[in-house]
Amino acid sequence: MPSHRLKDLEERTRYSPAEGEQRVFARWEEAGIFHPEPGGEAPDSFSIAVPPPNVTGALHMGHALNASIQDLLIRVARMRGRRTKWIFGTDHAGIATQVKVEQALAAEGKTKEDLGREAFVERAWAWRREHGSKIVEQFKRIGASLDYADERFTMDDAYAKAVLHVFERLYEKGLVYRDNYMVNWDPGTRSAISELEVEQRTMEDTLYSIDYPLAQGSGSVTVATVRPETMLGDTAIAVNPQDDRYTRLVGETALLPLVGRRLPIIADEHVRSDFGTGALKITPGHDPNDFEIGRRHGLEEISVIGEEGAMSAAAGERFAGLSVPDARREVVAALREEGLISGTRPYSHDVPHSHRSGMRIEPLISLQWFCDMKGLAQPAIAAVKDGSLRFHPEHPWTDVYLDWLENIRPWCISRQLWWGHRIPVWYRSSNGREETVVGAEAPAGEGWERDPDVLDTWFSSALWPFATLGWPEQTPELRAFYPTDVLSTARDIIFLWVARMVMMGVEFTGRLPFSDVPIHSVIQTPDGRRMSKSLGTGIDPLDEIAEHGADAVRFGLLAMGSTQDVRYSEDRVRQGRDLANKLWNASRLILLGVGGDAEPSPDHAELPEDRWILSRLERVTARSAELIERFELSAAVLELYEVFWSELCDWYLELAKPRLNDTEADRTAVSATLLFALDRMLRLLHPIMPHVTEEVWSFMPRTEAAGGPGGADSLLAAAAYPEPDPSRLDRDAEATVGRAIDAITELRRYRDQARVKPSALLPARLAADGYEHTAGQVARLARLELDVSRGRDVAARVPIPGGVVELLVDDAFDPEEAARRIAARAQKLAEEIARLEKKLANDRFVERAPAAVVEGERAKLEEYRESLERLDR
């Protein structure tokens, strides 16, 4: 290492993420390694299309986790020499952006109507130009190696061309059409909204039992409802055909209270006999299930709630114009006057609300544009069933995906907004009939008006994997990087985005957009609640990065993401911070301690500990690669952590350290092995913790030979990813050194229990087999002075693998006092074990205590049992 670099490393005694991470990222960008030139075909490349963050967004914990997952996969592929592209861009986020711009206008005392549509859209573009780069810089802060040089936007000109092309093609095939159909209506934004913008809130309501008189003059049918105001739109009563209580009434007629409308009593399999009274009021205009029943039975569809969220004229003169809550009170009062409420009870249930406006969603029948999904769904179903599209984990997500597709409904693709892809449809009335033309430009002639609505954001997002690469043009990028390889995402958009990308990809390119779909964890708050900025429960990943560093946050998120719902663990992030520090400190020890001319090499492994570390490195190289291929990233991360921290640092460094001050030949041999081990771990850890590994790499001898920390050739990010070499596996060395490690561990534990001073050298005899090559290391690291003579009495015997170590009488410790301490410790452990066993045998505790507390007690019990077993040996 050149003297100036050696001095730099000597002076930097601590690793500072705040100082190093952004400098390292700048080196990657300057080298241009994130932007691959297109070439060849997709099977020769590796690509992932990032789930496009909203242009309104800021990096949240879900972004940080998914970015860490994708970056790990991208960096591994890049280091394996594949042409690698992580497709980047942002989503125009129709409703979210419009709400932001309207809020800004409101602060000025204006509305969008004051500006007019054209000026409002320009204002939205200006907002995007001002705020859209925020999320980009935040992705860089976490170290995401995205192709920033080829950033896309779902409303840029080329992307808009793709959206238009898809709409026109679907319209020509009759799959896109206009119809009156049930939608999620948000009275706050005055628009239909997608399922993702709907959030369920648990509400305490009253379940009313209402008597509907039979038209024949005697008797009644009692229905149960939490929304008596919607009964004004009832057009039938439905019962299950297998419900013996009501079969005689099927075909009869009931009278709608307060209105007098005659309601047929019909039979439908959808009705649950075990809910309420078993008789269901059917309101096709205000309930999705009732709407489907109504269509099956040809029922009238009456809308008694309008788009603004108030009762419509169809509700009758007494109720028209009332808000929904006021109408409910009035309807209940009127029913009580007529004696038609036969019972009430409290009822807790989930009620859909708009994530944007906060208002209750009203299921309404509305004239909208729809896409018929049944035909599009069939290839998407087949792809999973034949194994060409794979979810990870397979269960339950494969079943969830298939269940939705096999029961798919028409997709409402229009939104009553101004910001977004305006629907390319033109209308005019001519000779008493309406003409319709599809296209971006107005047709020739006068009187044409464009549809005022825009397309659902998810319509344009469904084209993301191929539209970002230039489709419908056959570009070099499309040839090189489509299909992509992996889509990493959360479970909440399997329907909204994953399935739709699959359908659109097959329909318009003839190929699946990706083959593997890992579904990542949902990170909850430490106490198990949903993370939410609006609820004040969010944890800002940028704050965590500022405190601990990006590598620590990446490690922590990857390590904790082992199941579907995981609680945020700052301990895991601190573990990542400690690992970064350990990596820096261990690397300094090696790089400053090895010979000046040393090069990383596995060819000088002469002693068992050298062969042991090489064998362990080959095993973890193979094992971590296998886990990454299976998308078991948490397990891969923790295995690499364990090998680096425990085996390389805690053991091999301690075993090898004295040889750095030995003969020149010995120093050269151990230096080569130490550097090789460090080289291997830097490569394996780089996709997880890219900044600190890149910083250490800049001091490696091979980097200096490549010209120092300059171009791509000297970057770890562009170096080769390790491939396992089975020829370096050495079972004998693993057994020999493993036995020595176990012996040292047992001896250190005994010293600790006996409270022997750490500095004391205990005289001892080694009466065990298998230590021919490691006895000196055992003695040095367990602080023993081996005595082969038989002239001294044995004070204590410590069992180790293959035999015992006899500790000889010495003033350094009192064996009887040690025995008393060990016995007392054993008794204390036995008492704690009995206490915990009794506690965990209590069903009330196990059922009522938080799961984390119960698991903590079980882990503690297992730890105590293991400790007692060791004492009893």
# chains A, B, ... in the order shown; residues from 1 in each chain; ligands from 1
$ select_by_dssp --residues "segment 335-456 of chain A" --states "alpha helix (DSSP H)" --output "PyMOL selection string"
chain A and resi 335-337+374-385+394-406
$ residues_around --residues "Ala656 of chain A" --least-positions-apart "6" --cutoff "10 Å" --atoms "only C-alpha atoms" --output "number ranges by chain"
A: 607, 609-610, 667, 670-671, 673-674, 777
$ residues_around --residues "segment 389-393 of chain A" --least-positions-apart "4" --cutoff "9 Å" --atoms "only C-alpha atoms" --output "ChimeraX atom specification"
/A:380,382-385,397-398,512,514-520,630-632
$ residues_around --residues "segment 745-747 of chain A" --least-positions-apart "6" --cutoff "8 Å" --atoms "only C-alpha atoms" --output "PDB file with C-alpha atoms, in the first residue's frame"
ATOM      1  CA  ALA A 782      -7.697 -20.060  27.307  1.00  0.00           C
ATOM      2  CA  VAL A 798     -13.076 -29.196  32.837  1.00  0.00           C
ATOM      3  CA  PRO A 799     -14.767 -31.441  30.248  1.00  0.00           C
ATOM      4  CA  ILE A 800     -13.897 -30.576  26.649  1.00  0.00           C
TER       5      ILE A 800
END
$ closest_residue --among "A:Val121, A:Gln416, A:Lys110, A:Leu72" --to "Gly188 of chain A" --atoms "only C-alpha atoms"
A:Gln416
$ residues_around --residues "Glu806 of chain A" --least-positions-apart "3" --cutoff "9 Å" --atoms "only C-alpha atoms" --output "PyMOL selection string"
chain A and resi 763-767+794-799
$ closest_residue --among "A:Leu256, A:Ile48, A:Ala717, A:Ala126" --to "Pro483 of chain A" --atoms "only C-alpha atoms"
A:Ile48
$ atom_distance --atom1 "atom CA of Leu557 of chain A" --atom2 "atom CA of Asn66 of chain A"
9.1 Å
$ closest_residue --among "A:Ala665, A:Ile381, A:Leu640, A:Leu675" --to "Leu589 of chain A" --atoms "only C-alpha atoms"
A:Leu675
$ residues_around --residues "Arg792 of chain A" --least-positions-apart "3" --cutoff "8 Å" --atoms "only C-alpha atoms" --output "ChimeraX atom specification"
/A:789,808-809
$ decode --residues "segment 312-455 of chain A" --atoms "C-alpha atoms" --output "PDB file, in the first residue's frame"
ATOM      1  CA  SER A 312     -80.678  12.609  -3.645  1.00  0.00           C
ATOM      2  CA  ALA A 313     -84.176  13.445  -4.880  1.00  0.00           C
ATOM      3  CA  ALA A 314     -84.783   9.693  -5.287  1.00  0.00           C
ATOM      4  CA  ALA A 315     -84.762   9.439  -1.474  1.00  0.00           C
ATOM      5  CA  GLY A 316     -88.065  11.334  -1.346  1.00  0.00           C
ATOM      6  CA  GLU A 317     -88.980  14.865  -0.410  1.00  0.00           C
ATOM      7  CA  ARG A 318     -88.674  14.259   3.340  1.00  0.00           C
ATOM      8  CA  PHE A 319     -85.026  13.123   3.111  1.00  0.00           C
ATOM      9  CA  ALA A 320     -83.608  14.732  -0.042  1.00  0.00           C
ATOM     10  CA  GLY A 321     -80.640  17.032   0.626  1.00  0.00           C
ATOM     11  CA  LEU A 322     -79.860  15.637   4.078  1.00  0.00           C
ATOM     12  CA  SER A 323     -76.354  14.453   4.883  1.00  0.00           C
ATOM     13  CA  VAL A 324     -76.062  10.696   5.276  1.00  0.00           C
ATOM     14  CA  PRO A 325     -75.807  10.811   9.120  1.00  0.00           C
ATOM     15  CA  ASP A 326     -78.797  13.169   9.340  1.00  0.00           C
ATOM     16  CA  ALA A 327     -80.791  10.969   6.974  1.00  0.00           C
ATOM     17  CA  ARG A 328     -80.035   7.938   9.124  1.00  0.00           C
ATOM     18  CA  ARG A 329     -81.400   9.650  12.231  1.00  0.00           C
ATOM     19  CA  GLU A 330     -84.511  10.779  10.382  1.00  0.00           C
ATOM     20  CA  VAL A 331     -85.177   7.352   8.858  1.00  0.00           C
ATOM     21  CA  VAL A 332     -84.775   5.618  12.234  1.00  0.00           C
ATOM     22  CA  ALA A 333     -87.097   8.136  13.873  1.00  0.00           C
ATOM     23  CA  ALA A 334     -89.715   7.610  11.171  1.00  0.00           C
ATOM     24  CA  LEU A 335     -89.473   3.811  11.493  1.00  0.00           C
ATOM     25  CA  ARG A 336     -89.884   4.057  15.263  1.00  0.00           C
ATOM     26  CA  GLU A 337     -93.005   6.164  14.781  1.00  0.00           C
ATOM     27  CA  GLU A 338     -94.465   3.361  12.693  1.00  0.00           C
ATOM     28  CA  GLY A 339     -93.305   0.670  15.118  1.00  0.00           C
ATOM     29  CA  LEU A 340     -91.207  -1.101  12.513  1.00  0.00           C
ATOM     30  CA  ILE A 341     -87.915  -1.380  14.446  1.00  0.00           C
ATOM     31  CA  SER A 342     -88.117  -4.667  16.298  1.00  0.00           C
ATOM     32  CA  GLY A 343     -84.636  -4.638  17.800  1.00  0.00           C
ATOM     33  CA  THR A 344     -81.207  -3.017  17.958  1.00  0.00           C
ATOM     34  CA  ARG A 345     -77.778  -4.102  19.114  1.00  0.00           C
ATOM     35  CA  PRO A 346     -74.249  -2.670  19.007  1.00  0.00           C
ATOM     36  CA  TYR A 347     -72.256  -3.796  15.974  1.00  0.00           C
ATOM     37  CA  SER A 348     -68.531  -3.379  15.390  1.00  0.00           C
ATOM     38  CA  HIS A 349     -67.385  -3.614  11.775  1.00  0.00           C
ATOM     39  CA  ASP A 350     -64.877  -2.322   9.243  1.00  0.00           C
ATOM     40  CA  VAL A 351     -66.075   0.621   7.168  1.00  0.00           C
ATOM     41  CA  PRO A 352     -64.252   1.796   4.020  1.00  0.00           C
ATOM     42  CA  HIS A 353     -62.939   5.375   4.055  1.00  0.00           C
ATOM     43  CA  SER A 354     -60.957   7.385   1.555  1.00  0.00           C
ATOM     44  CA  HIS A 355     -57.274   7.512   2.351  1.00  0.00           C
ATOM     45  CA  ARG A 356     -57.130  10.919   0.636  1.00  0.00           C
ATOM     46  CA  SER A 357     -60.165  12.826   1.901  1.00  0.00           C
ATOM     47  CA  GLY A 358     -60.896  10.826   5.029  1.00  0.00           C
ATOM     48  CA  MET A 359     -64.588  10.573   4.095  1.00  0.00           C
ATOM     49  CA  ARG A 360     -66.612   7.392   4.116  1.00  0.00           C
ATOM     50  CA  ILE A 361     -66.643   5.628   0.760  1.00  0.00           C
ATOM     51  CA  GLU A 362     -70.046   5.453  -0.894  1.00  0.00           C
ATOM     52  CA  PRO A 363     -70.550   2.532  -3.272  1.00  0.00           C
ATOM     53  CA  LEU A 364     -72.370   4.242  -6.150  1.00  0.00           C
ATOM     54  CA  ILE A 365     -73.486   3.300  -9.625  1.00  0.00           C
ATOM     55  CA  SER A 366     -71.752   5.726 -11.941  1.00  0.00           C
ATOM     56  CA  LEU A 367     -71.210   6.202 -15.681  1.00  0.00           C
ATOM     57  CA  GLN A 368     -67.553   5.314 -16.020  1.00  0.00           C
ATOM     58  CA  TRP A 369     -65.028   3.693 -18.334  1.00  0.00           C
ATOM     59  CA  PHE A 370     -64.329   0.058 -17.571  1.00  0.00           C
ATOM     60  CA  CYS A 371     -61.976  -2.675 -18.728  1.00  0.00           C
ATOM     61  CA  ASP A 372     -63.307  -6.220 -19.077  1.00  0.00           C
ATOM     62  CA  MET A 373     -60.688  -8.320 -17.303  1.00  0.00           C
ATOM     63  CA  LYS A 374     -61.937 -11.889 -17.681  1.00  0.00           C
ATOM     64  CA  GLY A 375     -60.188 -12.611 -20.986  1.00  0.00           C
ATOM     65  CA  LEU A 376     -57.031 -10.781 -19.924  1.00  0.00           C
ATOM     66  CA  ALA A 377     -56.940 -12.779 -16.702  1.00  0.00           C
ATOM     67  CA  GLN A 378     -56.711 -16.228 -18.285  1.00  0.00           C
ATOM     68  CA  PRO A 379     -53.020 -16.067 -19.383  1.00  0.00           C
ATOM     69  CA  ALA A 380     -52.130 -14.535 -16.008  1.00  0.00           C
ATOM     70  CA  ILE A 381     -53.790 -17.489 -14.267  1.00  0.00           C
ATOM     71  CA  ALA A 382     -52.085 -20.001 -16.559  1.00  0.00           C
ATOM     72  CA  ALA A 383     -48.652 -18.454 -15.921  1.00  0.00           C
ATOM     73  CA  VAL A 384     -48.840 -19.247 -12.206  1.00  0.00           C
ATOM     74  CA  LYS A 385     -50.350 -22.678 -12.693  1.00  0.00           C
ATOM     75  CA  ASP A 386     -47.621 -23.770 -15.132  1.00  0.00           C
ATOM     76  CA  GLY A 387     -44.848 -22.372 -12.918  1.00  0.00           C
ATOM     77  CA  SER A 388     -43.551 -19.676 -15.256  1.00  0.00           C
ATOM     78  CA  LEU A 389     -44.597 -17.015 -12.718  1.00  0.00           C
ATOM     79  CA  ARG A 390     -43.555 -17.734  -9.137  1.00  0.00           C
ATOM     80  CA  PHE A 391     -44.442 -16.033  -5.857  1.00  0.00           C
ATOM     81  CA  HIS A 392     -42.038 -16.168  -2.895  1.00  0.00           C
ATOM     82  CA  PRO A 393     -43.153 -17.430  -0.474  1.00  0.00           C
ATOM     83  CA  GLU A 394     -45.425 -19.582  -2.619  1.00  0.00           C
ATOM     84  CA  HIS A 395     -48.094 -19.811   0.063  1.00  0.00           C
ATOM     85  CA  PRO A 396     -50.315 -17.989   0.675  1.00  0.00           C
ATOM     86  CA  TRP A 397     -49.610 -15.513  -2.135  1.00  0.00           C
ATOM     87  CA  THR A 398     -50.132 -17.849  -5.094  1.00  0.00           C
ATOM     88  CA  ASP A 399     -53.603 -18.706  -3.785  1.00  0.00           C
ATOM     89  CA  VAL A 400     -54.387 -15.060  -3.045  1.00  0.00           C
ATOM     90  CA  TYR A 401     -53.394 -14.060  -6.598  1.00  0.00           C
ATOM     91  CA  LEU A 402     -55.363 -16.892  -8.227  1.00  0.00           C
ATOM     92  CA  ASP A 403     -58.464 -16.352  -6.101  1.00  0.00           C
ATOM     93  CA  TRP A 404     -58.664 -12.706  -7.154  1.00  0.00           C
ATOM     94  CA  LEU A 405     -58.076 -13.415 -10.844  1.00  0.00           C
ATOM     95  CA  GLU A 406     -60.544 -16.290 -10.960  1.00  0.00           C
ATOM     96  CA  ASN A 407     -63.256 -14.041  -9.511  1.00  0.00           C
ATOM     97  CA  ILE A 408     -62.215 -10.849 -11.269  1.00  0.00           C
ATOM     98  CA  ARG A 409     -64.684  -8.021 -11.916  1.00  0.00           C
ATOM     99  CA  PRO A 410     -64.616  -5.227 -14.493  1.00  0.00           C
ATOM    100  CA  TRP A 411     -62.009  -2.599 -13.664  1.00  0.00           C
ATOM    101  CA  CYS A 412     -63.158   1.015 -13.400  1.00  0.00           C
ATOM    102  CA  ILE A 413     -60.370   2.865 -15.226  1.00  0.00           C
ATOM    103  CA  SER A 414     -61.780   6.416 -15.218  1.00  0.00           C
ATOM    104  CA  ARG A 415     -61.258   9.032 -12.524  1.00  0.00           C
ATOM    105  CA  GLN A 416     -62.957  12.381 -12.077  1.00  0.00           C
ATOM    106  CA  LEU A 417     -59.701  14.328 -11.899  1.00  0.00           C
ATOM    107  CA  TRP A 418     -57.794  16.881 -13.980  1.00  0.00           C
ATOM    108  CA  TRP A 419     -54.256  15.582 -13.381  1.00  0.00           C
ATOM    109  CA  GLY A 420     -53.402  12.404 -15.236  1.00  0.00           C
ATOM    110  CA  HIS A 421     -53.711  10.778 -18.660  1.00  0.00           C
ATOM    111  CA  ARG A 422     -56.886  12.306 -20.024  1.00  0.00           C
ATOM    112  CA  ILE A 423     -59.152   9.694 -21.556  1.00  0.00           C
ATOM    113  CA  PRO A 424     -58.618   9.888 -25.347  1.00  0.00           C
ATOM    114  CA  VAL A 425     -62.304   9.809 -26.286  1.00  0.00           C
ATOM    115  CA  TRP A 426     -64.299  12.512 -28.072  1.00  0.00           C
ATOM    116  CA  TYR A 427     -68.092  12.919 -28.202  1.00  0.00           C
ATOM    117  CA  ARG A 428     -70.599  14.983 -30.146  1.00  0.00           C
ATOM    118  CA  SER A 429     -74.290  14.794 -30.819  1.00  0.00           C
ATOM    119  CA  SER A 430     -75.283  14.543 -34.467  1.00  0.00           C
ATOM    120  CA  ASN A 431     -78.792  14.037 -35.790  1.00  0.00           C
ATOM    121  CA  GLY A 432     -80.066  12.967 -32.417  1.00  0.00           C
ATOM    122  CA  ARG A 433     -77.373  10.369 -31.737  1.00  0.00           C
ATOM    123  CA  GLU A 434     -74.038  10.547 -29.955  1.00  0.00           C
ATOM    124  CA  GLU A 435     -70.880   9.921 -31.923  1.00  0.00           C
ATOM    125  CA  THR A 436     -67.763   8.584 -30.174  1.00  0.00           C
ATOM    126  CA  VAL A 437     -64.209   8.693 -31.538  1.00  0.00           C
ATOM    127  CA  VAL A 438     -61.051   7.440 -29.805  1.00  0.00           C
ATOM    128  CA  GLY A 439     -57.774   9.278 -30.307  1.00  0.00           C
ATOM    129  CA  ALA A 440     -55.439  11.841 -28.802  1.00  0.00           C
ATOM    130  CA  GLU A 441     -56.421  14.591 -31.238  1.00  0.00           C
ATOM    131  CA  ALA A 442     -59.890  16.039 -31.887  1.00  0.00           C
ATOM    132  CA  PRO A 443     -61.581  14.599 -34.989  1.00  0.00           C
ATOM    133  CA  ALA A 444     -62.305  16.858 -37.958  1.00  0.00           C
ATOM    134  CA  GLY A 445     -65.454  18.887 -37.772  1.00  0.00           C
ATOM    135  CA  GLU A 446     -67.181  20.974 -35.125  1.00  0.00           C
ATOM    136  CA  GLY A 447     -68.918  20.153 -31.881  1.00  0.00           C
ATOM    137  CA  TRP A 448     -66.470  17.600 -30.518  1.00  0.00           C
ATOM    138  CA  GLU A 449     -65.876  17.531 -26.754  1.00  0.00           C
ATOM    139  CA  ARG A 450     -63.249  15.424 -25.038  1.00  0.00           C
ATOM    140  CA  ASP A 451     -64.138  13.150 -22.133  1.00  0.00           C
ATOM    141  CA  PRO A 452     -63.326  15.171 -18.985  1.00  0.00           C
ATOM    142  CA  ASP A 453     -62.048  12.211 -16.964  1.00  0.00           C
ATOM    143  CA  VAL A 454     -58.522  10.829 -16.646  1.00  0.00           C
ATOM    144  CA  LEU A 455     -57.323   7.242 -16.485  1.00  0.00           C
TER     145      LEU A 455
END
